[in-house]
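Written out below as structure tokens is the structure these notes cover.
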Amino acid sequence: MEEKLVTRRIFVLLLLLLLSQAACKKNPTQCATTVDFLPIPHASYQPGDLIVGEIVSQVFYAYEAPSFKEQPTQLFISEPISVPKNYQHNLAVAFAVKEINGNPNILPNITLGFHILNSYYGARMTYKATLSFLSSQHMFLPNFKCDKQSNQIAVIGGLGSEISADMATLITIYKIPQLTYGSLSPAHSNQILISSVYQMVPNEATQSMGVIRLFHHFRWTWIVLIVAEGDSGDRFWQIIMPMLSENGICFDFCVRLPKHTYFQDEVDIFLKQEEYFTLLTQTKANVHFVYGENSSMFYLRLLLLLRTFISFPPLHKVWIVTCHWDFESLPVQRTWDIETFHGALSLAVHSNQPPGFKMFQQSISPSWAEGDGFIENFWEQAFGCSLRNPDVHGDSKKMCSGEEKLDSILPVVYEMSMTGHSYNVYNAVYAVAHTLHAIYIFRSKHKARDKWKSLVFTNVQPWQLNIFLRSITFNNSAGDTIQFNENGELKSGFDVTNWVIFPNGSFIRLKVGRLDPWAPPGEQFTIHDDQIVWHRTFNQVLPLSVCNDHCLPGYSRQKKEGEKFCCYDCVPCSDGMISEWTDMDSCVLCPQDQFSNYDKNHCLPKDIMFLSYEEPIGIILATMAISLSLVTALIFGTFLKHQDTPIVKANNRSLTYLLLISLAHCFLSALLFIGEPGKMTCLLRQTSFGIIFSVAISSVLAKTITVVLAFVATKPGSRLRPLVGKTQAYSLVLSCSLVQVGICVLWISTSSPFPDKDLYSLKETIILECNEGSAAMFFCVLGYMGFLAAVSLMVAFLARKLPDSFNEAKFITFSMLLFCSVWLSFIPSYLSTKGKSMVAVEIFSILTSSAGLLGCIFLPKFYIIVLRPELNKRLLLVKKKY
């Protein structure tokens, strides 16, 4: 790009030098009329004290490729082709100049004039037109002052970024203010001296970000890019690509629209478009983002016209276009179908309608102004008639009456409402006028008012406008404030417009939103979805444009290997994780006290679980514990009442009482397991259970050993007689119990149980439980208790056949067998259950094993005492077997 710009500058400077030398050699004292070998036939001129120049892109020729065998001017194929809609740019200048000259508050006693030249959409004629502004009036002699000067004060143009850059290459050398009304690519603005270039459009980066925000608003992530060829298209490509990636937007493919070129090349390009159209019809992307300038619209419509020749289905998409576009048509395109663009959205430079502009247009006729070289081509091609006599010139068109009205033309050819580009031209003329007025105010403070005209404007140089123009601020007749930022860009925003196309080929633009970078945060981008009219095929439902369907809440995105990041699979969230929004990259873990619902899109609070006194199982177990303890108390009371009977006195009455008291506490210890776990209940729950049961089993063991010793020691000569007695039995109970006490003390002192919450065992429930602290110590308590029970069972089993009518060892055997069975089945049951079920298993084991001891050992005795007192005799209880 830099090399191309340097080459252009060298060429222009050499041309200027040669032209000035040739003029001086021919006549050093007086300028002579020079022959212009490349005249510009399409021009418009209105005289004035100061002249505002404009280079427009309205007329062009279709050229054959040069063969270098004849003059280039002889190579055009047909008559000049006019773009009727762009004629409004000329009228915007004329209307603004008319208003300014008729306003006594701006530039009194000074008239503005204008000089409009055509660029013909090419660099060669753009340079020629620009050099014409630098020449003397009515004479093409650049860089040489002679004859009457043109008083050129500023230049407006051009419509395209490359035309604006070509103009700026020359104009910036002289510091003449240039106000671009179309666009100026950053690729050009960064390389030229931009101190005298002013853009009547906002910064292009703002527009690009606005498009991204539009995609985000509608959640469009899969698009097609259609970009014009050329420097501006390449620059846009470099800017938009990282912006798309950073904002999670992908493009399926990119179509490059060709530049205006020679006729043969355009035919070849047209024939090669079938591949592009095939891609456009097959893509899943419903959004097509088009970046190009006005001339690019011709090739896009040419591409869409191809459908009728190759029998492809209609292309119904959402078109997003930039502010550089204007929906224009050549005369040949007036009958081309534009229904495809129904519902398109564009970011257009903010525009308004100056009062009186429509009436001004209605007054236009082929003879409305002298010196207008555009009106003939415009009139003939806009109305499809001929201003020349068909009989004389052999023209097949009908004769124009000259009374045709512009409002009868379809909007696709010409619009009565002021377009965005025309509004920029209108404001540019006013910006120059207000700048000149500011110079007048500044100088009038130092000059006499009666000398204002001679001392102020006869000496104003174009470069002096730059001092004031960058800081100028004014309100135009449409009520908008016009001012530039520090970079010479218009401080304005964009209108989000919706193109509504009707069956008869007419259309309107609806303003449905606003992009204003100067607005307060939160108000910079607004859009009214309910006002947007989508293409009819979408049935007024927001179109989707994604690589695949959105991942609904409850799913997360998983990238597809080998494809762009916008293409993904939807994977359901696992248990305990959710995704609350659409297209989440990953699922989020629920807080510990919450769980994911069935759809995995919300976290719900977990229920609190513990074995309470209010639920049926808690009531049943508590009732059983209290009832069994009362039964134990009843038996204990009965034994106390009949303490002197043989059946109570037999086998150590004190151990019987101790065992009954222990069993009563065993039943009551079950109540510690019911209710919300607390610090004290957790501390006492397992330890008290272990100690009380150890005392009970030790008592059973002592009773069993006492029975065995009682029978063995009664044999003549037995050496075990000294071991028979209460002291030894009490010592056995105490020693066995103290071992369990020691284990429990060690447990509490090292890793005591504490209240805890089990958040993970059950998905939807928080279990309030007692954490045992040390599982090893808990199983040591159970293991020691099991050891005592096993010893008791073994001893009782060996003594089960002792010769007496009421062999207590036999009942102890049954009770210990039941006890061991319960606790052996308890361990797997305990480990396989969770929550309150686990607590219920332990309570049930406590009650069952205690009830087994109570029932097997004491119920037979209780039965004899209460119901068969005749059996409560010593002789009947002891039977010796010889």
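Labels for the structure tokens follow display order: chains A, B, ..., residues from 1 in each chain, ligands from 1.
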
| query | Near Gln558 in chain A, within 12 Å and counting only C-alpha atoms, which residues show up once chain neighbours fewer than 4 positions away are dropped, as an MDAnalysis selection string? | reply | chainID A and resid 548 550:551 563:573 583:587

Write a file of the selected residues as a CSV table (one decimal), in the first residue's frame, keeping all heavy atoms.
chain,number,residue,atom,x,y,z
A,548,ASN,N,-24.9,-24.8,14.5
A,548,ASN,CA,-25.8,-25.9,14.9
A,548,ASN,C,-26.8,-25.3,15.9
A,548,ASN,O,-26.6,-24.1,16.3
A,548,ASN,CB,-25.1,-27.1,15.5
A,548,ASN,CG,-24.0,-26.7,16.4
A,548,ASN,OD1,-22.8,-26.6,16.1
A,548,ASN,ND2,-24.4,-26.4,17.7
A,550,HIS,N,-28.8,-24.1,19.2
A,550,HIS,CA,-28.2,-23.7,20.5
A,550,HIS,C,-28.3,-24.8,21.5
A,550,HIS,O,-29.2,-25.6,21.5
A,550,HIS,CB,-29.1,-22.5,21.0
A,550,HIS,CG,-28.9,-21.2,20.2
A,550,HIS,ND1,-27.6,-20.6,20.1
A,550,HIS,CD2,-29.7,-20.5,19.4
A,550,HIS,CE1,-27.8,-19.5,19.3
A,550,HIS,NE2,-29.0,-19.5,18.9
A,551,CYS,N,-27.3,-24.8,22.4
A,551,CYS,CA,-27.4,-25.8,23.5
A,551,CYS,C,-28.3,-25.1,24.6
A,551,CYS,O,-28.0,-24.1,25.1
A,551,CYS,CB,-26.0,-26.0,24.0
A,551,CYS,SG,-24.9,-27.0,22.9
A,563,GLU,N,-13.4,-28.6,13.1
A,563,GLU,CA,-14.4,-27.6,12.7
A,563,GLU,C,-14.1,-26.3,13.5
A,563,GLU,O,-13.5,-26.2,14.5
A,563,GLU,CB,-15.8,-28.0,12.8
A,563,GLU,CG,-16.1,-29.3,12.0
A,563,GLU,CD,-17.6,-29.6,12.0
A,563,GLU,OE1,-18.4,-28.6,12.1
A,563,GLU,OE2,-18.0,-30.8,11.8
A,564,LYS,N,-14.8,-25.2,13.0
A,564,LYS,CA,-14.6,-23.9,13.7
A,564,LYS,C,-15.3,-23.9,15.0
A,564,LYS,O,-16.2,-24.7,15.3
A,564,LYS,CB,-15.2,-22.8,12.8
A,564,LYS,CG,-14.4,-22.6,11.5
A,564,LYS,CD,-15.0,-21.5,10.7
A,564,LYS,CE,-14.2,-21.3,9.4
A,564,LYS,NZ,-14.7,-20.2,8.6
A,565,PHE,N,-14.8,-23.0,15.9
A,565,PHE,CA,-15.2,-23.1,17.3
A,565,PHE,C,-16.7,-22.8,17.5
A,565,PHE,O,-17.3,-23.1,18.5
A,565,PHE,CB,-14.4,-22.1,18.1
A,565,PHE,CG,-14.6,-20.7,17.8
A,565,PHE,CD1,-15.6,-20.0,18.4
A,565,PHE,CD2,-13.8,-20.0,16.9
A,565,PHE,CE1,-15.8,-18.6,18.2
A,565,PHE,CE2,-14.0,-18.7,16.7
A,565,PHE,CZ,-15.0,-18.0,17.3
A,566,CYS,N,-17.4,-22.2,16.5
A,566,CYS,CA,-18.8,-22.0,16.6
A,566,CYS,C,-19.6,-23.3,16.3
A,566,CYS,O,-20.8,-23.3,16.5
A,566,CYS,CB,-19.3,-21.0,15.6
A,566,CYS,SG,-18.6,-19.3,16.0
A,567,CYS,N,-19.0,-24.3,15.9
A,567,CYS,CA,-19.6,-25.6,15.6
A,567,CYS,C,-19.3,-26.5,16.8
A,567,CYS,O,-18.1,-26.8,17.1
A,567,CYS,CB,-19.2,-26.2,14.3
A,567,CYS,SG,-19.5,-25.2,12.9
A,568,TYR,N,-20.3,-27.1,17.4
A,568,TYR,CA,-20.1,-27.8,18.7
A,568,TYR,C,-21.2,-28.8,18.9
A,568,TYR,O,-22.3,-28.8,18.2
A,568,TYR,CB,-20.0,-26.9,19.9
A,568,TYR,CG,-21.1,-25.9,19.9
A,568,TYR,CD1,-22.4,-26.1,20.4
A,568,TYR,CD2,-20.9,-24.6,19.4
A,568,TYR,CE1,-23.4,-25.2,20.4
A,568,TYR,CE2,-21.9,-23.6,19.4
A,568,TYR,CZ,-23.1,-23.9,19.9
A,568,TYR,OH,-24.1,-23.0,19.9
A,569,ASP,N,-21.0,-29.8,19.8
A,569,ASP,CA,-22.0,-30.7,20.2
A,569,ASP,C,-22.6,-30.2,21.5
A,569,ASP,O,-21.9,-29.5,22.3
A,569,ASP,CB,-21.5,-32.1,20.3
A,569,ASP,CG,-21.1,-32.7,19.0
A,569,ASP,OD1,-21.8,-32.5,18.0
A,569,ASP,OD2,-20.0,-33.3,18.9
A,570,CYS,N,-23.8,-30.6,21.8
A,570,CYS,CA,-24.4,-30.3,23.1
A,570,CYS,C,-24.4,-31.5,24.0
A,570,CYS,O,-24.9,-32.6,23.7
A,570,CYS,CB,-25.9,-29.9,22.9
A,570,CYS,SG,-26.0,-28.3,22.0
A,571,VAL,N,-23.7,-31.4,25.2
A,571,VAL,CA,-23.5,-32.5,26.1
A,571,VAL,C,-24.3,-32.2,27.4
A,571,VAL,O,-24.2,-31.1,27.9
A,571,VAL,CB,-22.0,-32.7,26.4
A,571,VAL,CG1,-21.8,-33.8,27.4
A,571,VAL,CG2,-21.2,-32.9,25.2
A,572,PRO,N,-25.1,-33.1,27.8
A,572,PRO,CA,-25.9,-32.9,29.1
A,572,PRO,C,-25.0,-32.7,30.3
A,572,PRO,O,-24.0,-33.4,30.4
A,572,PRO,CB,-26.8,-34.1,29.2
A,572,PRO,CG,-26.2,-35.1,28.4
A,572,PRO,CD,-25.4,-34.5,27.3
A,573,CYS,N,-25.4,-31.9,31.2
A,573,CYS,CA,-24.6,-31.7,32.4
A,573,CYS,C,-24.8,-32.9,33.3
A,573,CYS,O,-25.8,-33.6,33.3
A,573,CYS,CB,-25.1,-30.5,33.2
A,573,CYS,SG,-24.9,-28.9,32.3
A,583,ASP,N,-26.1,-22.0,25.4
A,583,ASP,CA,-24.7,-22.1,24.8
A,583,ASP,C,-23.6,-21.8,25.9
A,583,ASP,O,-22.7,-21.0,25.6
A,583,ASP,CB,-24.6,-21.1,23.7
A,583,ASP,CG,-25.4,-21.6,22.4
A,583,ASP,OD1,-25.6,-22.8,22.3
A,583,ASP,OD2,-25.7,-20.7,21.6
A,584,MET,N,-23.7,-22.4,27.0
A,584,MET,CA,-22.7,-22.2,28.0
A,584,MET,C,-21.5,-23.2,27.6
A,584,MET,O,-21.7,-24.3,27.2
A,584,MET,CB,-23.2,-22.6,29.4
A,584,MET,CG,-24.1,-21.5,30.0
A,584,MET,SD,-24.5,-21.8,31.7
A,584,MET,CE,-22.9,-21.6,32.5
A,585,ASP,N,-20.3,-22.7,27.8
A,585,ASP,CA,-19.1,-23.4,27.5
A,585,ASP,C,-18.9,-24.6,28.4
A,585,ASP,O,-18.3,-25.6,28.0
A,585,ASP,CB,-17.9,-22.5,27.5
A,585,ASP,CG,-17.9,-21.5,26.4
A,585,ASP,OD1,-18.4,-21.8,25.3
A,585,ASP,OD2,-17.4,-20.4,26.6
A,586,SER,N,-19.3,-24.5,29.6
A,586,SER,CA,-19.2,-25.6,30.5
A,586,SER,C,-20.3,-25.5,31.6
A,586,SER,O,-20.8,-24.5,31.8
A,586,SER,CB,-17.8,-25.6,31.2
A,586,SER,OG,-17.6,-24.4,31.9
A,587,CYS,N,-20.6,-26.7,32.2
A,587,CYS,CA,-21.6,-26.7,33.3
A,587,CYS,C,-20.9,-26.2,34.6
A,587,CYS,O,-19.7,-26.3,34.8
A,587,CYS,CB,-22.1,-28.1,33.5
A,587,CYS,SG,-23.0,-28.8,32.0

| Members of range 441-571 of chain A assigned alpha helix (DSSP H) by DSSP, as number ranges by chain | A: 441-444, 452, 465-469

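Using only C-alpha atoms, the nearest neighbour of Trp463 in chain A within the list A:Ile153, A:Ile619, A:Leu304, A:Ala796 is A:Ile153.
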
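Counting only C-alpha atoms and comparing A:Ile578, A:Met816, A:Val425, A:Val432, the residue that lies closest to Leu604 in chain A is A:Ile578.
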
| remark: For Asp252 in chain A, the closest of A:Cys547, A:Met418, A:Cys770, A:Leu302 counting only C-alpha atoms is A:Cys547

| message | Using only C-alpha atoms, can you tell me which of A:Glu764, A:Ala729, A:Pro503, A:Phe797 comes closest to Asn597 in chain A? | response |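 Among the listed residues, the smallest separation from Asn597 in chain A belongs to A:Glu764.
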